[in-house]
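Asks: Contents of final26.pdb (PDB, C-alpha atoms):
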ATOM      1  CA  MET A   5      32.693  13.399   3.844
ATOM      2  CA  ASN A   6      30.015  11.404   2.000
ATOM      3  CA  THR A   7      28.576   8.485   3.962
ATOM      4  CA  LEU A   8      27.250   5.549   1.995
ATOM      5  CA  PRO A   9      23.743   4.360   2.841
ATOM      6  CA  SER A  10      23.793   1.050   4.683
ATOM      7  CA  THR A  11      22.231  -0.686   1.677
ATOM      8  CA  GLU A  12      25.536  -0.157  -0.168
ATOM      9  CA  LEU A  13      27.613  -2.120   2.338
ATOM     10  CA  VAL A  14      28.994  -5.608   1.679
ATOM     11  CA  ASN A  15      27.145  -8.370   3.535
ATOM     12  CA  PRO A  16      29.568 -10.774   5.253
ATOM     13  CA  HIS A  17      26.856 -13.436   5.596
ATOM     14  CA  THR A  18      26.596 -13.876   1.831
ATOM     15  CA  ASP A  19      30.280 -13.516   0.971
ATOM     16  CA  GLY A  20      31.437 -16.306  -1.331
ATOM     17  CA  MET A  21      27.897 -17.189  -2.366
ATOM     18  CA  ASP A  22      28.973 -17.794  -5.962
ATOM     19  CA  ARG A  23      30.807 -20.933  -4.768
ATOM     20  CA  LEU A  24      28.028 -22.358  -2.584
ATOM     21  CA  PRO A  25      25.845 -25.372  -3.413
ATOM     22  CA  THR A  26      22.385 -24.259  -4.546
ATOM     23  CA  ASP A  27      20.586 -25.266  -1.342
ATOM     24  CA  GLU A  28      23.073 -23.419   0.846
ATOM     25  CA  LEU A  29      22.956 -20.376  -1.426
ATOM     26  CA  LEU A  30      19.173 -20.253  -1.050
ATOM     27  CA  ARG A  31      19.376 -20.757   2.711
ATOM     28  CA  ARG A  32      21.661 -17.722   2.968
ATOM     29  CA  ILE A  33      19.168 -15.620   0.994
ATOM     30  CA  ASN A  34      16.284 -16.921   3.108
ATOM     31  CA  ASP A  35      18.201 -16.243   6.337
ATOM     32  CA  GLU A  36      18.600 -12.612   5.313
ATOM     33  CA  ASP A  37      14.932 -12.328   4.323
ATOM     34  CA  ALA A  38      13.936 -13.709   7.728
ATOM     35  CA  THR A  39      15.358 -10.614   9.431
ATOM     36  CA  VAL A  40      13.107  -8.181   7.594
ATOM     37  CA  ALA A  41       9.738  -8.693   9.307
ATOM     38  CA  SER A  42      11.100  -7.958  12.782
ATOM     39  CA  ILE A  43      12.792  -4.812  11.500
ATOM     40  CA  VAL A  44       9.492  -3.609  10.023
ATOM     41  CA  ARG A  45       7.756  -4.499  13.292
ATOM     42  CA  GLY A  46      10.018  -2.008  15.043
ATOM     43  CA  CYS A  47       8.581   0.714  12.791
ATOM     44  CA  ILE A  48       4.949   0.090  13.774
ATOM     45  CA  PRO A  49       4.575   3.338  15.798
ATOM     46  CA  GLU A  50       5.576   5.402  12.743
ATOM     47  CA  ILE A  51       3.565   3.230  10.359
ATOM     48  CA  GLY A  52       0.586   3.686  12.678
ATOM     49  CA  ARG A  53       0.908   7.468  12.505
ATOM     50  CA  ALA A  54       0.937   7.237   8.728
ATOM     51  CA  VAL A  55      -2.112   4.920   8.666
ATOM     52  CA  ASP A  56      -4.097   7.359  10.806
ATOM     53  CA  ALA A  57      -3.049  10.269   8.579
ATOM     54  CA  ILE A  58      -4.034   8.377   5.420
ATOM     55  CA  ALA A  59      -7.399   7.373   6.874
ATOM     56  CA  GLU A  60      -8.120  10.939   7.943
ATOM     57  CA  GLY A  61      -7.117  12.237   4.530
ATOM     58  CA  LEU A  62      -9.328   9.758   2.693
ATOM     59  CA  ARG A  63     -12.280  10.548   4.974
ATOM     60  CA  SER A  64     -11.809  14.213   4.108
ATOM     61  CA  GLY A  65     -11.864  13.595   0.372
ATOM     62  CA  GLY A  66      -8.108  13.421  -0.056
ATOM     63  CA  ARG A  67      -5.936  10.854  -1.782
ATOM     64  CA  LEU A  68      -3.188   8.383  -1.026
ATOM     65  CA  ILE A  69      -0.378   8.860  -3.534
ATOM     66  CA  TYR A  70       2.772   6.748  -3.594
ATOM     67  CA  VAL A  71       5.886   8.230  -5.202
ATOM     68  CA  GLY A  72       9.072   6.329  -5.938
ATOM     69  CA  ALA A  73      11.786   5.417  -8.413
ATOM     70  CA  GLY A  74      12.872   2.005  -9.665
ATOM     71  CA  THR A  75      11.837  -0.884  -7.426
ATOM     72  CA  SER A  76      10.373   1.485  -4.844
ATOM     73  CA  GLY A  77       8.219   3.162  -7.464
ATOM     74  CA  ARG A  78       7.018  -0.163  -8.855
ATOM     75  CA  LEU A  79       6.051  -1.363  -5.373
ATOM     76  CA  GLY A  80       4.037   1.800  -4.768
ATOM     77  CA  VAL A  81       2.197   1.472  -8.077
ATOM     78  CA  LEU A  82       1.558  -2.219  -7.313
ATOM     79  CA  ASP A  83       0.063  -1.522  -3.900
ATOM     80  CA  ALA A  84      -2.107   1.283  -5.237
ATOM     81  CA  SER A  85      -3.404  -0.820  -8.129
ATOM     82  CA  GLU A  86      -4.323  -3.659  -5.765
ATOM     83  CA  CYS A  87      -6.426  -1.285  -3.650
ATOM     84  CA  LEU A  88      -8.883  -0.790  -6.483
ATOM     85  CA  PRO A  89     -10.385  -4.303  -6.677
ATOM     86  CA  THR A  90      -9.734  -5.155  -3.035
ATOM     87  CA  PHE A  91     -11.343  -2.124  -1.412
ATOM     88  CA  GLY A  92     -13.463  -0.576  -4.147
ATOM     89  CA  VAL A  93     -11.600   2.730  -4.261
ATOM     90  CA  SER A  94     -11.248   4.679  -7.487
ATOM     91  CA  VAL A  95      -8.083   5.146  -9.528
ATOM     92  CA  GLU A  96      -8.242   8.826  -8.617
ATOM     93  CA  GLN A  97      -8.341   8.129  -4.871
ATOM     94  CA  VAL A  98      -5.297   5.849  -4.565
ATOM     95  CA  PHE A  99      -2.518   5.737  -7.139
ATOM     96  CA  GLY A 100       1.230   5.577  -7.599
ATOM     97  CA  ILE A 101       3.670   7.790  -9.464
ATOM     98  CA  ILE A 102       6.996   6.387 -10.650
ATOM     99  CA  ALA A 103      10.012   8.343 -11.888
ATOM    100  CA  GLY A 104      10.168   7.980 -15.657
ATOM    101  CA  GLY A 105       6.430   7.389 -16.042
ATOM    102  CA  GLU A 106       4.629   4.206 -17.078
ATOM    103  CA  ARG A 107       7.570   3.000 -19.191
ATOM    104  CA  ALA A 108       9.585   2.694 -15.979
ATOM    105  CA  LEU A 109       7.245  -0.031 -14.730
ATOM    106  CA  THR A 110       8.797  -2.549 -17.125
ATOM    107  CA  LYS A 111      12.263  -1.162 -17.885
ATOM    108  CA  ALA A 112      14.895   1.007 -16.259
ATOM    109  CA  ILE A 113      14.763   4.658 -17.309
ATOM    110  CA  GLU A 114      18.291   5.950 -16.929
ATOM    111  CA  GLY A 115      18.610   9.068 -14.805
ATOM    112  CA  ALA A 116      14.901   9.337 -13.957
ATOM    113  CA  GLU A 117      15.446   8.999 -10.215
ATOM    114  CA  ASP A 118      18.046  11.797 -10.274
ATOM    115  CA  ASP A 119      15.644  14.469 -11.579
ATOM    116  CA  ARG A 120      14.516  16.385  -8.503
ATOM    117  CA  GLU A 121      12.535  18.926 -10.513
ATOM    118  CA  ALA A 122      10.579  16.171 -12.250
ATOM    119  CA  GLY A 123       9.487  14.886  -8.850
ATOM    120  CA  ALA A 124       8.324  18.355  -7.858
ATOM    121  CA  SER A 125       6.507  18.793 -11.169
ATOM    122  CA  ALA A 126       4.701  15.488 -10.661
ATOM    123  CA  MET A 127       3.132  16.904  -7.507
ATOM    124  CA  ASP A 128       2.025  20.002  -9.380
ATOM    125  CA  GLU A 129       0.548  17.911 -12.188
ATOM    126  CA  ALA A 130      -1.343  15.797  -9.656
ATOM    127  CA  LYS A 131      -2.655  19.008  -8.045
ATOM    128  CA  VAL A 132      -1.610  17.749  -4.619
ATOM    129  CA  GLY A 133      -3.470  19.486  -1.814
ATOM    130  CA  ALA A 134      -4.108  19.721   1.897
ATOM    131  CA  HIS A 135      -6.079  16.481   2.345
ATOM    132  CA  ASP A 136      -3.682  14.315   0.357
ATOM    133  CA  VAL A 137      -1.072  12.016   1.882
ATOM    134  CA  ILE A 138       2.068  11.498  -0.194
ATOM    135  CA  VAL A 139       4.156   8.410   0.585
ATOM    136  CA  GLY A 140       7.649   8.837  -0.829
ATOM    137  CA  MET A 141       9.654   5.616  -1.081
ATOM    138  CA  SER A 142      13.390   5.300  -1.628
ATOM    139  CA  ALA A 143      15.366   2.308  -0.371
ATOM    140  CA  SER A 144      18.530   4.352   0.025
ATOM    141  CA  GLY A 145      16.578   7.359   1.281
ATOM    142  CA  GLY A 146      18.336   9.642  -1.153
ATOM    143  CA  ALA A 147      16.576   9.509  -4.546
ATOM    144  CA  PRO A 148      16.378  13.148  -5.738
ATOM    145  CA  TYR A 149      13.120  12.548  -7.641
ATOM    146  CA  VAL A 150      11.387  11.362  -4.483
ATOM    147  CA  ARG A 151      12.899  14.062  -2.300
ATOM    148  CA  GLY A 152      11.784  16.694  -4.802
ATOM    149  CA  ALA A 153       8.260  15.287  -4.753
ATOM    150  CA  ILE A 154       8.102  15.268  -0.963
ATOM    151  CA  ALA A 155       9.427  18.832  -0.715
ATOM    152  CA  ARG A 156       6.862  20.138  -3.213
ATOM    153  CA  ALA A 157       4.032  18.149  -1.617
ATOM    154  CA  LYS A 158       4.822  19.800   1.726
ATOM    155  CA  GLU A 159       4.774  23.210   0.064
ATOM    156  CA  ARG A 160       1.339  22.390  -1.306
ATOM    157  CA  GLY A 161       0.050  21.478   2.167
ATOM    158  CA  ALA A 162      -0.051  17.675   1.957
ATOM    159  CA  VAL A 163       0.975  15.287   4.727
ATOM    160  CA  THR A 164       4.190  13.576   3.689
ATOM    161  CA  VAL A 165       5.520  10.149   4.638
ATOM    162  CA  GLY A 166       9.071   9.012   3.930
ATOM    163  CA  VAL A 167       9.837   5.281   3.638
ATOM    164  CA  ALA A 168      13.501   4.291   3.529
ATOM    165  CA  CYS A 169      15.524   1.188   4.347
ATOM    166  CA  ALA A 170      18.919   2.679   5.067
ATOM    167  CA  THR A 171      20.827   5.007   7.297
ATOM    168  CA  PRO A 172      21.516   7.818   6.695
ATOM    169  CA  ALA A 173      18.218   8.550   4.897
ATOM    170  CA  PRO A 174      17.700  12.218   3.950
ATOM    171  CA  LEU A 175      14.169  11.422   2.737
ATOM    172  CA  CYS A 176      13.152  10.610   6.283
ATOM    173  CA  GLU A 177      14.419  13.992   7.422
ATOM    174  CA  ASP A 178      12.364  15.677   4.680
ATOM    175  CA  ALA A 179       9.015  14.048   5.501
ATOM    176  CA  ASP A 180       6.448  14.764   8.210
ATOM    177  CA  ILE A 181       6.377  11.079   9.174
ATOM    178  CA  ALA A 182       9.547   9.003   8.852
ATOM    179  CA  ILE A 183       9.434   5.225   8.446
ATOM    180  CA  GLN A 184      13.023   4.025   8.460
ATOM    181  CA  ALA A 185      13.292   0.230   8.275
ATOM    182  CA  VAL A 186      17.056  -0.260   8.258
ATOM    183  CA  VAL A 187      17.562  -3.732   6.787
ATOM    184  CA  GLY A 188      21.358  -3.529   6.574
ATOM    185  CA  ALA A 189      23.584  -4.793   3.787
ATOM    186  CA  GLU A 190      21.745  -6.516   0.965
ATOM    187  CA  VAL A 191      22.280 -10.120  -0.111
ATOM    188  CA  LEU A 192      23.891  -8.664  -3.227
ATOM    189  CA  GLN A 193      25.664  -5.410  -2.528
ATOM    190  CA  GLY A 194      23.320  -2.524  -3.358
ATOM    191  CA  SER A 195      20.538  -4.707  -4.817
ATOM    192  CA  THR A 196      17.648  -3.058  -3.014
ATOM    193  CA  ARG A 197      15.021  -5.139  -4.819
ATOM    194  CA  LEU A 198      15.893  -7.784  -2.193
ATOM    195  CA  LYS A 199      15.585  -7.061   1.560
ATOM    196  CA  SER A 200      14.716  -3.414   1.033
ATOM    197  CA  GLY A 201      12.057  -4.340  -1.506
ATOM    198  CA  THR A 202      10.600  -6.898   0.893
ATOM    199  CA  ALA A 203      10.503  -4.349   3.716
ATOM    200  CA  GLN A 204       8.818  -1.746   1.526
ATOM    201  CA  LYS A 205       6.211  -4.265   0.347
ATOM    202  CA  LEU A 206       5.405  -5.147   3.962
ATOM    203  CA  ILE A 207       5.105  -1.462   4.839
ATOM    204  CA  CYS A 208       2.849  -0.742   1.842
ATOM    205  CA  ASN A 209       0.643  -3.664   2.852
ATOM    206  CA  MET A 210       0.262  -2.178   6.320
ATOM    207  CA  LEU A 211      -0.306   1.398   5.139
ATOM    208  CA  SER A 212      -3.055   0.639   2.647
ATOM    209  CA  THR A 213      -4.737  -2.214   4.512
ATOM    210  CA  GLY A 214      -4.635  -0.368   7.823
ATOM    211  CA  ALA A 215      -6.093   2.798   6.327
ATOM    212  CA  MET A 216      -8.826   0.944   4.451
ATOM    213  CA  VAL A 217      -9.894  -0.896   7.594
ATOM    214  CA  LYS A 218     -10.027   2.439   9.429
ATOM    215  CA  ILE A 219     -12.424   3.938   6.866
ATOM    216  CA  GLY A 220     -14.846   1.014   6.858
ATOM    217  CA  LYS A 221     -13.751  -0.978   3.834
ATOM    218  CA  THR A 222     -13.917  -4.289   5.715
ATOM    219  CA  LEU A 223     -16.144  -6.113   8.161
ATOM    220  CA  GLY A 224     -13.705  -7.678  10.568
ATOM    221  CA  ASN A 225     -11.274  -9.362   8.198
ATOM    222  CA  ARG A 226     -13.766  -9.748   5.339
ATOM    223  CA  MET A 227     -13.292  -7.736   2.119
ATOM    224  CA  VAL A 228     -16.874  -6.522   1.872
ATOM    225  CA  ASP A 229     -15.997  -3.742  -0.590
ATOM    226  CA  VAL A 230     -14.383  -6.185  -3.035
ATOM    227  CA  GLN A 231     -15.190  -5.352  -6.656
ATOM    228  CA  ALA A 232     -16.812  -8.281  -8.472
ATOM    229  CA  THR A 233     -14.836  -7.886 -11.696
ATOM    230  CA  ASN A 234     -13.975 -11.479 -12.611
ATOM    231  CA  ILE A 235     -15.240 -15.024 -12.035
ATOM    232  CA  LYS A 236     -13.284 -15.508  -8.822
ATOM    233  CA  LEU A 237     -14.350 -12.182  -7.312
ATOM    234  CA  ILE A 238     -17.980 -12.609  -8.366
ATOM    235  CA  ALA A 239     -18.027 -15.958  -6.573
ATOM    236  CA  ARG A 240     -16.417 -14.375  -3.502
ATOM    237  CA  ALA A 241     -18.981 -11.548  -3.473
ATOM    238  CA  LYS A 242     -21.834 -14.051  -3.641
ATOM    239  CA  ARG A 243     -20.356 -16.023  -0.738
ATOM    240  CA  LEU A 244     -20.018 -12.841   1.306
ATOM    241  CA  ILE A 245     -23.660 -11.946   0.736
ATOM    242  CA  ALA A 246     -24.821 -15.466   1.535
ATOM    243  CA  ASP A 247     -22.669 -15.741   4.661
ATOM    244  CA  LEU A 248     -22.892 -12.250   6.153
ATOM    245  CA  GLY A 249     -26.357 -11.587   4.754
ATOM    246  CA  GLN A 250     -27.545 -14.862   6.261
ATOM    247  CA  THR A 251     -29.285 -15.967   3.100
ATOM    248  CA  ASP A 252     -29.111 -18.717   0.483
ATOM    249  CA  ALA A 253     -26.905 -18.845  -2.613
ATOM    250  CA  GLU A 254     -29.724 -18.112  -5.064
ATOM    251  CA  THR A 255     -30.841 -15.023  -3.159
ATOM    252  CA  ALA A 256     -27.229 -13.887  -2.799
ATOM    253  CA  ALA A 257     -26.727 -14.051  -6.573
ATOM    254  CA  ARG A 258     -29.883 -12.014  -7.151
ATOM    255  CA  LEU A 259     -28.925  -9.389  -4.580
ATOM    256  CA  LEU A 260     -25.442  -9.033  -6.074
ATOM    257  CA  THR A 261     -27.069  -8.183  -9.404
ATOM    258  CA  GLU A 262     -29.601  -5.805  -7.847
ATOM    259  CA  SER A 263     -26.867  -4.069  -5.853
ATOM    260  CA  GLY A 264     -24.891  -3.297  -8.997
ATOM    261  CA  GLY A 265     -22.156  -5.738  -8.037
ATOM    262  CA  SER A 266     -21.608  -4.448  -4.489
ATOM    263  CA  ALA A 267     -21.271  -7.187  -1.889
ATOM    264  CA  LYS A 268     -21.562  -4.639   0.908
ATOM    265  CA  VAL A 269     -24.827  -3.242  -0.409
ATOM    266  CA  GLY A 270     -26.110  -6.767  -1.036
ATOM    267  CA  ILE A 271     -25.365  -7.766   2.561
ATOM    268  CA  VAL A 272     -27.362  -4.823   3.898
ATOM    269  CA  MET A 273     -30.223  -5.613   1.529
ATOM    270  CA  ALA A 274     -30.327  -9.175   2.836
ATOM    271  CA  ARG A 275     -30.039  -8.358   6.528
ATOM    272  CA  LYS A 276     -32.317  -5.329   6.583
ATOM    273  CA  SER A 277     -34.815  -6.368   3.871
ATOM    274  CA  VAL A 278     -34.361  -3.073   2.040
ATOM    275  CA  SER A 279     -33.777  -1.933  -1.544
ATOM    276  CA  ALA A 280     -30.345  -1.168  -2.963
ATOM    277  CA  ASP A 281     -30.927   2.586  -2.633
ATOM    278  CA  GLU A 282     -32.057   2.202   0.969
ATOM    279  CA  ALA A 283     -29.023   0.038   1.721
ATOM    280  CA  ARG A 284     -26.682   2.666   0.283
ATOM    281  CA  ALA A 285     -28.375   5.349   2.390
ATOM    282  CA  LEU A 286     -27.877   3.264   5.539
ATOM    283  CA  LEU A 287     -24.204   2.769   4.699
ATOM    284  CA  ASP A 288     -23.723   6.478   3.994
ATOM    285  CA  ALA A 289     -25.270   7.331   7.369
ATOM    286  CA  ALA A 290     -22.848   4.887   9.024
ATOM    287  CA  GLY A 291     -19.819   6.398   7.341
ATOM    288  CA  GLY A 292     -19.450   3.310   5.205
ATOM    289  CA  PHE A 293     -19.030   0.949   8.163
ATOM    290  CA  LEU A 294     -21.035  -2.217   7.581
ATOM    291  CA  SER A 295     -20.561  -3.205  11.214
ATOM    292  CA  VAL A 296     -22.443  -0.073  12.322
ATOM    293  CA  VAL A 297     -25.349  -0.803   9.969
ATOM    294  CA  LEU A 298     -25.630  -4.415  11.123
ATOM    295  CA  ASP A 299     -25.156  -3.675  14.823
ATOM    296  CA  PRO A 300     -25.551   0.039  15.598
ATOM    297  CA  THR A 301     -25.350  -0.493  19.375
ATOM    298  CA  PRO A 302     -22.585  -3.051  20.006
ATOM    299  CA  ALA A 303     -21.982  -4.207  23.575
TER
END
I'd like the structure from this file rewritten - as structure tokens, please.
Replies:
Amino acid sequence: MNTLPSTELVNPHTDGMDRLPTDELLRRINDEDATVASIVRGCIPEIGRAVDAIAEGLRSGGRLIYVGAGTSGRLGVLDASECLPTFGVSVEQVFGIIAGGERALTKAIEGAEDDREAGASAMDEAKVGAHDVIVGMSASGGAPYVRGAIARAKERGAVTVGVACATPAPLCEDADIAIQAVVGAEVLQGSTRLKSGTAQKLICNMLSTGAMVKIGKTLGNRMVDVQATNIKLIARAKRLIADLGQTDAETAARLLTESGGSAKVGIVMARKSVSADEARALLDAAGGFLSVVLDPTPA
């Protein structure tokens, strides 16, 4: 007998919502959203295992690759794309793959999530290998495209992570690390862009941010590897150099230019009175950790 995933159940708390006053309708939606964070919190041990695996993979020259279909795929691509300016990683190091390709980012591609072989082929095309970590996301835990990708990634020696928001969730049985944030019936029956989407966004935030912190992309909670690619980020990079480099605004601006736009390098230049090349060498010797360069023998 087929068992429906829990995301396909009818939610009694939002029954009759089409007849509610607007404020009450929104309160019901908000009440359901408020349950999600605590559910994700219960998955922290599994998320932690995934963070450590991703960090180890990245340190070894591997990649973080999200794979999903529909909303799940879009969330993976979103998180990956945000890693580039935030943490200074390359598009080859962290990226997302969505069933149906780039067109699926803005419109539904009928049947794309049902093509298991296409998911497997995507892993072959990406030349997935032993140091890579593949995060497969499917709210229902059953998308054939994602399951096919995870199965092939395992065959190719990658570490696999399954993220689902329902029970049962076959994807979580397929993967090496299972993150199963069971959010229950959606506000609208089966509309997994709602609570499930929120849960997956929270999990992606934790996976990428946690892993980047673990490989030295921050100093405390400061984004020292931010890429100065627009007016706002250039101003932020200058402030970082001035603050953490313990120098004035004019010097910070000069060092940002001399560092090639790297706040982290500029900070080392300011604190250690060295050239950009010397600063990069110090960072390389410290495994990229600015904290080690600035204070190699902490108490």
Asks: Report as a compact mmCIF listing (two decimals) with C-alpha atoms, in the coordinates of the input all protein, DNA and RNA residues lying within 6 Å of Val71 in chain A, evaluated on only C-alpha atoms, omitting residues in the same chain fewer than 4 positions from it.
Replies:
# COMPACT_ATOMS: atom_id res chain seq x y z
CA GLY A 100 1.23 5.58 -7.60
CA ILE A 101 3.67 7.79 -9.46
CA ILE A 102 7.00 6.39 -10.65
CA GLY A 140 7.65 8.84 -0.83
Asks: For the atom pair CA of Ile48 in chain A and CA of Ile183 in chain A, what is the interatomic distance in Å to one decimal place?
Replies: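 About the pair CA of Ile48 in chain A and CA of Ile183 in chain A: they are 8.7 Å apart.
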Asks: Using all atoms listed in the file for the distances, tell me which of A:Leu198, A:Val217, A:Leu175, A:Leu82 is nearest to Asp56 in chain A.
Replies: A:Val217
Asks: Around the point (-15.8, -3.4, 13.2), in the coordinates given by the file, pick out the residues reaching within 10 Å, counting only C-alpha atoms, and return them as a list in words.
Replies: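 Checked against the point, the hits come out as Val217, Lys218, Gly220, Lys221, Thr222, Leu223, Gly224, Asn225, Phe293, Leu294, Ser295, Val296, Asp299 and Pro302 of chain A.
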Asks: To test your reading of the syntax: which residues would the PyMOL selection byres ((chain A and resi 98) around 9) return for the file shown? Reply as a ChimeraX atom specification.
Replies: /A:67-70,84-85,87-88,93-97,99-100
Asks: Applying 12 Å and all atoms listed in the file, which residues near Arg31 in chain A remain after dropping the ones on its own chain fewer than 4 positions away? List them as a PyMOL selection string.
Replies: chain A and resi 17-18+21+24-27+35-38+191
Asks: Translate the PyMOL selection byres ((chain A and resi 174) around 6) into a concrete residue list for this structure, as a PyMOL selection string.
Replies: chain A and resi 145-146+173+175-177
Asks: List the neighbours of range 274-288 of chain A out to 10 Å using only C-alpha atoms; skip same-chain residues closer than 4 positions along the sequence, and give me the result as a PDB file with C-alpha atoms, in the frame of the given file.
Replies:
ATOM      1  CA  GLY A 220     -14.846   1.014   6.858  1.00  0.00           C
ATOM      2  CA  ILE A 245     -23.660 -11.946   0.736  1.00  0.00           C
ATOM      3  CA  ALA A 246     -24.821 -15.466   1.535  1.00  0.00           C
ATOM      4  CA  LEU A 248     -22.892 -12.250   6.153  1.00  0.00           C
ATOM      5  CA  GLY A 249     -26.357 -11.587   4.754  1.00  0.00           C
ATOM      6  CA  GLN A 250     -27.545 -14.862   6.261  1.00  0.00           C
ATOM      7  CA  THR A 251     -29.285 -15.967   3.100  1.00  0.00           C
ATOM      8  CA  ASP A 252     -29.111 -18.717   0.483  1.00  0.00           C
ATOM      9  CA  THR A 255     -30.841 -15.023  -3.159  1.00  0.00           C
ATOM     10  CA  ALA A 256     -27.229 -13.887  -2.799  1.00  0.00           C
ATOM     11  CA  LEU A 259     -28.925  -9.389  -4.580  1.00  0.00           C
ATOM     12  CA  LEU A 260     -25.442  -9.033  -6.074  1.00  0.00           C
ATOM     13  CA  GLU A 262     -29.601  -5.805  -7.847  1.00  0.00           C
ATOM     14  CA  SER A 263     -26.867  -4.069  -5.853  1.00  0.00           C
ATOM     15  CA  GLY A 264     -24.891  -3.297  -8.997  1.00  0.00           C
ATOM     16  CA  SER A 266     -21.608  -4.448  -4.489  1.00  0.00           C
ATOM     17  CA  LYS A 268     -21.562  -4.639   0.908  1.00  0.00           C
ATOM     18  CA  VAL A 269     -24.827  -3.242  -0.409  1.00  0.00           C
ATOM     19  CA  GLY A 270     -26.110  -6.767  -1.036  1.00  0.00           C
ATOM     20  CA  GLY A 292     -19.450   3.310   5.205  1.00  0.00           C
ATOM     21  CA  PHE A 293     -19.030   0.949   8.163  1.00  0.00           C
ATOM     22  CA  LEU A 294     -21.035  -2.217   7.581  1.00  0.00           C
ATOM     23  CA  SER A 295     -20.561  -3.205  11.214  1.00  0.00           C
ATOM     24  CA  VAL A 296     -22.443  -0.073  12.322  1.00  0.00           C
ATOM     25  CA  VAL A 297     -25.349  -0.803   9.969  1.00  0.00           C
ATOM     26  CA  LEU A 298     -25.630  -4.415  11.123  1.00  0.00           C
TER      27      LEU A 298
END
Asks: Can you measure CA of Val132 in chain A to CA of Gly161 in chain A for me? One decimal in Å is fine.
Replies: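 These two atoms are separated by 7.9 Å.
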Asks: Looking at A:Ile219, A:Val228, A:Ala253, A:Leu13, which one is nearest to Gly65 in chain A, with distances taken over all atoms listed in the file?
Replies: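 Checking each candidate against Gly65 in chain A, we get A:Ile219 as the closest.
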Asks: Show which residues sit within 6 Å of Val230 in chain A, as a ChimeraX atom specification. Count all atoms listed in the file, and ignore same-chain residues fewer than 6 positions away.
Replies: /A:89-92
Asks: Which residues, named as in the file, does the PyMOL selection byres ((chain A and resi 43) around 9) pick out? Answer as a PyMOL selection string.
Replies: chain A and resi 39-42+44-47+185-187+203
Asks: What is the distance between CA of Gly105 in chain A and CA of Arg120 in chain A, in Å to one decimal?
Replies: 14.3 Å
Asks: Which of these residues is nearest to Ser76 in chain A, using only C-alpha atoms: A:Asp247, A:Glu106, A:Glu117, A:Asp229?
Replies: A:Glu117
Asks: Give me, as a PyMOL selection string, all polymer residues having an atom no more than 12 Å from Gly123 in chain A, counting only C-alpha atoms and skipping those fewer than 2 positions away in the same chain.
Replies: chain A and resi 70-73+77+101-105+116-121+125-130+138+140+147-157
Asks: For each of A:Ala241, A:Ile113, A:Ala170, A:Met210, take the minimum atom-to-atom distance to Thr7 in chain A, counting all atoms listed in the file, then give the residue where this is smallest.
Replies: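 Among A:Ala241, A:Ile113, A:Ala170, A:Met210, it is A:Ala170 that comes nearest to Thr7 in chain A.
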Asks: Restricting the calculation to all atoms listed in the file, which member of A:Leu29, A:Cys208, A:Ala143, A:Ala232 is positioned closest to Ala189 in chain A?
Replies: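 The shortest atom-to-atom distance to Ala189 in chain A comes from A:Ala143.
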